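Below is input-v3.cif, holding mmCIF, C-alpha atoms.
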data_target
#
loop_
_atom_site.group_PDB
_atom_site.id
_atom_site.type_symbol
_atom_site.label_atom_id
_atom_site.label_comp_id
_atom_site.auth_asym_id
_atom_site.auth_seq_id
_atom_site.Cartn_x
_atom_site.Cartn_y
_atom_site.Cartn_z
ATOM 1 C CA MET A 1 76.900 85.061 94.294
ATOM 2 C CA SER A 2 75.894 88.341 95.915
ATOM 3 C CA ALA A 3 75.125 91.470 93.897
ATOM 4 C CA ALA A 4 78.258 93.231 95.200
ATOM 5 C CA MET A 5 80.455 90.291 94.158
ATOM 6 C CA ARG A 6 78.792 90.168 90.722
ATOM 7 C CA GLN A 7 79.367 93.905 90.321
ATOM 8 C CA GLY A 8 83.022 93.544 91.348
ATOM 9 C CA PHE A 9 83.598 90.734 88.816
ATOM 10 C CA TYR A 10 81.617 92.289 85.978
ATOM 11 C CA PHE A 11 84.392 91.441 83.502
ATOM 12 C CA LEU A 12 83.583 87.730 83.971
ATOM 13 C CA HIS A 13 80.128 88.392 82.530
ATOM 14 C CA GLN A 14 81.406 90.163 79.396
ATOM 15 C CA LYS A 15 83.012 88.751 76.283
ATOM 16 C CA ASN A 16 86.796 88.946 76.604
ATOM 17 C CA CYS A 17 89.833 86.654 76.454
ATOM 18 C CA VAL A 18 89.322 85.409 80.035
ATOM 19 C CA THR A 19 85.688 84.433 79.482
ATOM 20 C CA ASP A 20 86.573 82.889 76.092
ATOM 21 C CA PHE A 21 89.249 80.771 77.769
ATOM 22 C CA LEU A 22 86.886 79.767 80.599
ATOM 23 C CA ALA A 23 84.101 78.876 78.137
ATOM 24 C CA ASN A 24 86.496 76.806 76.014
ATOM 25 C CA THR A 25 87.857 75.018 79.076
ATOM 26 C CA LYS A 26 84.337 74.378 80.391
ATOM 27 C CA ALA A 27 83.284 72.947 77.037
ATOM 28 C CA ASN A 28 86.280 70.602 76.972
ATOM 29 C CA THR A 29 86.182 69.545 80.627
ATOM 30 C CA SER A 30 82.555 70.178 81.675
ATOM 31 C CA VAL A 31 83.827 71.890 84.858
ATOM 32 C CA ASN A 32 82.045 75.036 86.005
ATOM 33 C CA TRP A 33 84.113 78.219 85.458
ATOM 34 C CA SER A 34 83.711 79.282 89.091
ATOM 35 C CA TYR A 35 85.457 76.077 90.206
ATOM 36 C CA MET A 36 88.248 76.748 87.725
ATOM 37 C CA ALA A 37 88.630 80.333 88.971
ATOM 38 C CA LEU A 38 88.688 79.165 92.603
ATOM 39 C CA SER A 39 91.290 76.529 91.700
ATOM 40 C CA VAL A 40 93.540 79.159 90.119
ATOM 41 C CA VAL A 41 93.133 81.427 93.148
ATOM 42 C CA GLY A 42 93.934 78.480 95.432
ATOM 43 C CA LEU A 43 97.041 77.528 93.444
ATOM 44 C CA VAL A 44 98.285 81.119 93.463
ATOM 45 C CA ALA A 45 97.679 81.332 97.228
ATOM 46 C CA LEU A 46 99.612 78.084 97.787
ATOM 47 C CA TYR A 47 102.420 79.372 95.614
ATOM 48 C CA LEU A 48 102.533 82.614 97.590
ATOM 49 C CA VAL A 49 102.896 80.615 100.817
ATOM 50 C CA PHE A 50 105.319 77.909 99.664
ATOM 51 C CA GLY A 51 106.821 79.150 96.372
ATOM 52 C CA HIS A 52 110.272 80.627 95.955
ATOM 53 C CA GLY A 53 109.177 83.441 93.649
ATOM 54 C CA ALA A 54 106.430 84.860 95.844
ATOM 55 C CA SER A 55 108.047 88.296 95.950
ATOM 56 C CA LEU A 56 108.277 88.310 92.140
ATOM 57 C CA LEU A 57 104.588 87.463 91.815
ATOM 58 C CA CYS A 58 103.699 90.186 94.320
ATOM 59 C CA ASN A 59 105.813 92.685 92.397
ATOM 60 C CA LEU A 60 104.080 91.746 89.160
ATOM 61 C CA ILE A 61 100.713 92.357 90.814
ATOM 62 C CA GLU A 62 102.000 95.498 92.536
ATOM 63 C CA PHE A 63 103.692 97.206 89.558
ATOM 64 C CA ASP A 64 103.110 95.617 86.184
ATOM 65 C CA TYR A 65 99.333 95.403 85.995
ATOM 66 C CA PRO A 66 98.771 98.911 87.452
ATOM 67 C CA ALA A 67 101.415 100.336 85.101
ATOM 68 C CA TYR A 68 99.750 98.651 82.129
ATOM 69 C CA VAL A 69 96.259 99.931 82.959
ATOM 70 C CA SER A 70 97.670 103.365 83.848
ATOM 71 C CA ILE A 71 99.142 103.656 80.351
ATOM 72 C CA LYS A 72 95.824 102.537 78.873
ATOM 73 C CA ALA A 73 94.022 105.101 81.059
ATOM 74 C CA ILE A 74 96.323 107.899 79.932
ATOM 75 C CA GLU A 75 95.693 107.027 76.300
ATOM 76 C CA SER A 76 91.919 106.746 76.687
ATOM 77 C CA PRO A 77 89.652 109.798 76.307
ATOM 78 C CA ASN A 78 87.896 108.933 79.596
ATOM 79 C CA LYS A 79 89.347 110.938 82.511
ATOM 80 C CA GLU A 80 87.614 108.905 85.230
ATOM 81 C CA ASP A 81 90.070 106.034 84.818
ATOM 82 C CA ASP A 82 92.975 108.518 85.004
ATOM 83 C CA THR A 83 91.758 109.634 88.418
ATOM 84 C CA GLN A 84 91.302 106.021 89.547
ATOM 85 C CA TRP A 85 94.881 105.067 88.712
ATOM 86 C CA LEU A 86 96.417 108.321 89.973
ATOM 87 C CA THR A 87 94.678 107.583 93.256
ATOM 88 C CA TYR A 88 96.099 104.042 93.179
ATOM 89 C CA TRP A 89 99.635 105.392 92.744
ATOM 90 C CA ALA A 90 99.161 107.904 95.589
ATOM 91 C CA VAL A 91 98.022 105.121 97.934
ATOM 92 C CA PHE A 92 100.764 102.859 96.610
ATOM 93 C CA GLY A 93 103.370 105.530 97.455
ATOM 94 C CA VAL A 94 102.183 105.723 101.053
ATOM 95 C CA PHE A 95 102.013 101.901 101.195
ATOM 96 C CA SER A 96 105.602 101.670 99.856
ATOM 97 C CA ILE A 97 106.929 104.018 102.531
ATOM 98 C CA ALA A 98 105.159 102.034 105.258
ATOM 99 C CA LYS A 99 106.363 98.781 103.680
ATOM 100 C CA PHE A 100 109.973 100.010 103.668
ATOM 101 C CA PHE A 101 109.950 100.225 107.460
ATOM 102 C CA SER A 102 107.823 97.156 108.157
ATOM 103 C CA ASP A 103 109.106 94.599 105.623
ATOM 104 C CA LEU A 104 112.032 93.610 107.813
ATOM 105 C CA PHE A 105 109.593 92.357 110.471
ATOM 106 C CA LEU A 106 106.651 91.293 108.319
ATOM 107 C CA LEU A 107 108.677 89.035 106.011
ATOM 108 C CA TRP A 108 108.941 86.565 108.889
ATOM 109 C CA PHE A 109 105.178 85.982 108.993
ATOM 110 C CA PRO A 110 104.189 82.845 107.057
ATOM 111 C CA PHE A 111 101.293 84.373 105.105
ATOM 112 C CA TYR A 112 102.951 87.718 104.396
ATOM 113 C CA TYR A 113 102.843 87.474 100.594
ATOM 114 C CA VAL A 114 99.282 86.139 100.580
ATOM 115 C CA LEU A 115 98.150 89.068 102.737
ATOM 116 C CA LYS A 116 100.178 91.583 100.734
ATOM 117 C CA CYS A 117 98.787 90.370 97.399
ATOM 118 C CA SER A 118 95.269 90.254 98.826
ATOM 119 C CA PHE A 119 95.667 93.844 99.995
ATOM 120 C CA LEU A 120 96.963 94.947 96.586
ATOM 121 C CA LEU A 121 94.158 93.158 94.741
ATOM 122 C CA TRP A 122 91.631 94.783 97.080
ATOM 123 C CA CYS A 123 93.215 98.151 96.287
ATOM 124 C CA MET A 124 92.809 97.709 92.545
ATOM 125 C CA ALA A 125 89.523 95.812 92.556
ATOM 126 C CA PRO A 126 87.069 97.067 89.921
ATOM 127 C CA SER A 127 84.330 97.854 92.410
ATOM 128 C CA PRO A 128 82.961 101.064 93.899
ATOM 129 C CA VAL A 129 84.294 100.206 97.373
ATOM 130 C CA ASN A 130 87.826 99.147 96.563
ATOM 131 C CA GLY A 131 90.721 99.694 98.929
ATOM 132 C CA VAL A 132 92.224 102.667 97.126
ATOM 133 C CA ASP A 133 89.063 104.761 97.361
ATOM 134 C CA LEU A 134 88.569 103.855 100.993
ATOM 135 C CA LEU A 135 92.166 104.487 102.069
ATOM 136 C CA TYR A 136 92.537 107.668 100.033
ATOM 137 C CA LYS A 137 89.269 109.317 101.039
ATOM 138 C CA ARG A 138 89.296 108.315 104.714
ATOM 139 C CA ILE A 139 92.985 108.525 105.616
ATOM 140 C CA ILE A 140 95.446 109.927 103.079
ATOM 141 C CA CYS A 141 93.421 112.865 101.756
ATOM 142 C CA LEU A 142 92.358 113.955 105.234
ATOM 143 C CA PHE A 143 95.929 113.771 106.522
ATOM 144 C CA PHE A 144 97.274 115.620 103.486
ATOM 145 C CA LEU A 145 94.706 118.409 103.664
ATOM 146 C CA LYS A 146 95.390 118.859 107.381
ATOM 147 C CA HIS A 147 99.170 119.077 106.871
ATOM 148 C CA GLU A 148 99.359 120.471 103.322
ATOM 149 C CA SER A 149 101.245 123.672 104.218
ATOM 150 C CA GLN A 150 103.903 121.786 106.217
ATOM 151 C CA VAL A 151 104.318 119.224 103.416
ATOM 152 C CA ASP A 152 104.636 121.998 100.812
ATOM 153 C CA LYS A 153 107.259 123.775 102.941
ATOM 154 C CA ALA A 154 109.246 120.552 103.436
ATOM 155 C CA VAL A 155 109.108 119.752 99.716
ATOM 156 C CA ASN A 156 110.245 123.263 98.781
ATOM 157 C CA ASP A 157 113.092 123.117 101.342
ATOM 158 C CA VAL A 158 114.292 119.777 99.974
ATOM 159 C CA LYS A 159 113.983 121.062 96.399
ATOM 160 C CA ASP A 160 116.029 124.184 97.251
ATOM 161 C CA LYS A 161 118.715 122.141 99.049
ATOM 162 C CA ALA A 162 118.895 119.697 96.120
ATOM 163 C CA LYS A 163 119.321 122.598 93.670
ATOM 164 C CA GLU A 164 122.066 124.168 95.826
ATOM 165 C CA THR A 165 123.849 120.819 96.092
ATOM 166 C CA ALA A 166 123.583 120.154 92.354
ATOM 167 C CA ASP A 167 124.891 123.648 91.582
ATOM 168 C CA ALA A 168 127.821 123.161 93.996
ATOM 169 C CA ILE A 169 128.665 119.766 92.460
ATOM 170 C CA PHE A 170 128.481 121.235 88.952
ATOM 171 C CA LYS A 171 130.775 124.124 89.979
ATOM 172 C CA GLU A 172 133.314 121.741 91.516
ATOM 173 C CA ALA A 173 133.184 119.453 88.472
ATOM 174 C CA LYS A 174 133.725 122.462 86.207
ATOM 175 C CA LYS A 175 136.733 123.584 88.315
ATOM 176 C CA ALA A 176 138.183 120.066 88.269
ATOM 177 C CA ALA A 177 137.790 119.859 84.476
ATOM 178 C CA VAL A 178 139.460 123.246 83.990
ATOM 179 C CA ASN A 179 142.310 122.247 86.333
ATOM 180 C CA LEU A 180 142.723 118.906 84.563
ATOM 181 C CA LEU A 181 142.825 120.578 81.153
ATOM 182 C CA GLY A 182 145.253 123.214 82.474
ATOM 183 C CA GLU A 183 147.605 120.531 83.806
ATOM 184 C CA LYS A 184 147.449 118.676 80.485
ATOM 185 C CA LYS A 185 148.441 121.823 78.596
ATOM 186 C CA LYS A 186 151.369 122.418 80.950
ATOM 187 C CA SER A 187 152.613 118.846 80.535
ATOM 188 C CA THR A 188 152.623 119.013 76.722
#
Hey, can you dump this file as structure tokens for me?
Amino acid sequence: MSAAMRQGFYFLHQKNCVTDFLANTKANTSVNWSYMALSVVGLVALYLVFGHGASLLCNLIEFDYPAYVSIKAIESPNKEDDTQWLTYWAVFGVFSIAKFFSDLFLLWFPFYYVLKCSFLLWCMAPSPVNGVDLLYKRIICLFFLKHESQVDKAVNDVKDKAKETADAIFKEAKKAAVNLLGEKKKST
């Protein structure tokens, strides 16, 4: 295993529930843990290709694990992990917008969920060159900094329009309530 791979899977060389389970399974079956891990990855990949709940599994990978570690990051005193997961959510937001427009076409490709889950796992990989850092630093941040003033203006315009609309709806609802109460008084 290369040094980069070992660094990316550092948690497999520490004592935790995964390594305890792998050690226990290896002791009972005498099968190397790397073969077990590859078997699990293979079964998940097959399920993503042929299974009926592939979108559910992708959503679990896409939302649940990042939400869980984001909560843990917020509660930890270390601010580096906060930045890591805020960056993930920024990239995820851009990915979700792109996915909204492309899912209609991409869902027809046979390995869509395998590729999508692979992309998401690459984005949240615990290595210095994971997908989130690469995509954020080389694409999203550069684009945002170049167009920051236009984005800020568009956001402020939308915010102002939303406030005007909410105020107008509240005014109309208030008028309707007053009219309804006035009609009730007249009828009694």
Rows by chain and residue number, range 22-44 of chain A within 12 Å of range 108-130 of chain A, shortest pair, all atoms listed in the file, as JSON lines:
{"residue": "A:Val41", "atom": "CA", "partner": "A:Ser118", "partner_atom": "CA", "distance": 10.7}
{"residue": "A:Gly42", "atom": "CA", "partner": "A:Val114", "partner_atom": "CA", "distance": 10.7}
{"residue": "A:Leu43", "atom": "CA", "partner": "A:Val114", "partner_atom": "CA", "distance": 11.4}
{"residue": "A:Val44", "atom": "CA", "partner": "A:Val114", "partner_atom": "CA", "distance": 8.8}
Write a file of the selected residues as a PDB file, in the coordinates of the input, keeping C-alpha atoms.
ATOM      1  CA  VAL A  41      93.133  81.427  93.148  1.00  0.00           C
ATOM      2  CA  GLY A  42      93.934  78.480  95.432  1.00  0.00           C
ATOM      3  CA  LEU A  43      97.041  77.528  93.444  1.00  0.00           C
ATOM      4  CA  VAL A  44      98.285  81.119  93.463  1.00  0.00           C
TER       5      VAL A  44
END
Using all atoms listed in the file, list the residues that have an atom at most 10 Å from (108.5, 84.4, 98.4), coordinates as in the file, as a PyMOL selection string.
chain A and resi 47-58+107+110-114
Report the distance between CA of Val40 in chain A and CA of Thr87 in chain A in Å, rounded to one decimal place.
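Going from CA of Val40 in chain A over to CA of Thr87 in chain A, I get 28.6 Å.
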Tell me which residues the PyMOL selection byres ((chain A and resi 22) around 12) grabs here, as a list of chain:residue names.
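Selected by the PyMOL selection byres ((chain A and resi 22) around 12) here: A:Leu12, A:His13, A:Gln14, A:Lys15, A:Asn16, A:Cys17, A:Val18, A:Thr19, A:Asp20, A:Phe21, A:Ala23, A:Asn24, A:Thr25, A:Lys26, A:Ala27, A:Asn28, A:Thr29, A:Ser30, A:Val31, A:Asn32, A:Trp33, A:Ser34, A:Tyr35, A:Met36, A:Ala37, A:Val40.
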CA of Asp64 in chain A to CA of Asn78 in chain A, straight-line distance in Å:
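Taking CA of Asn78 in chain A and CA of Asp64 in chain A, their separation equals 21.3 Å.
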As an exercise, work out the distance from CA of Arg138 in chain A to CA of Leu86 in chain A in Å and give it to one decimal place.
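Taking CA of Arg138 in chain A as the start and CA of Leu86 in chain A as the end point, the length is 16.4 Å.
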Best match for closeness to Lys137 in chain A among A:Ala162, A:Leu46, A:Val91, A:Ile61, counting all atoms listed in the file:
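Distance minimum relative to Lys137 in chain A lands on A:Val91.
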Give the padded box for range 65-82 of chain A as AutoDock Vina command-line options: axis-aligned, covering all atoms listed in the file, 5 Å on each side, centre and edge lengths in Å to one decimal.
--center_x 94.5 --center_y 103.2 --center_z 81.9 --size_x 23.8 --size_y 25.5 --size_z 21.2
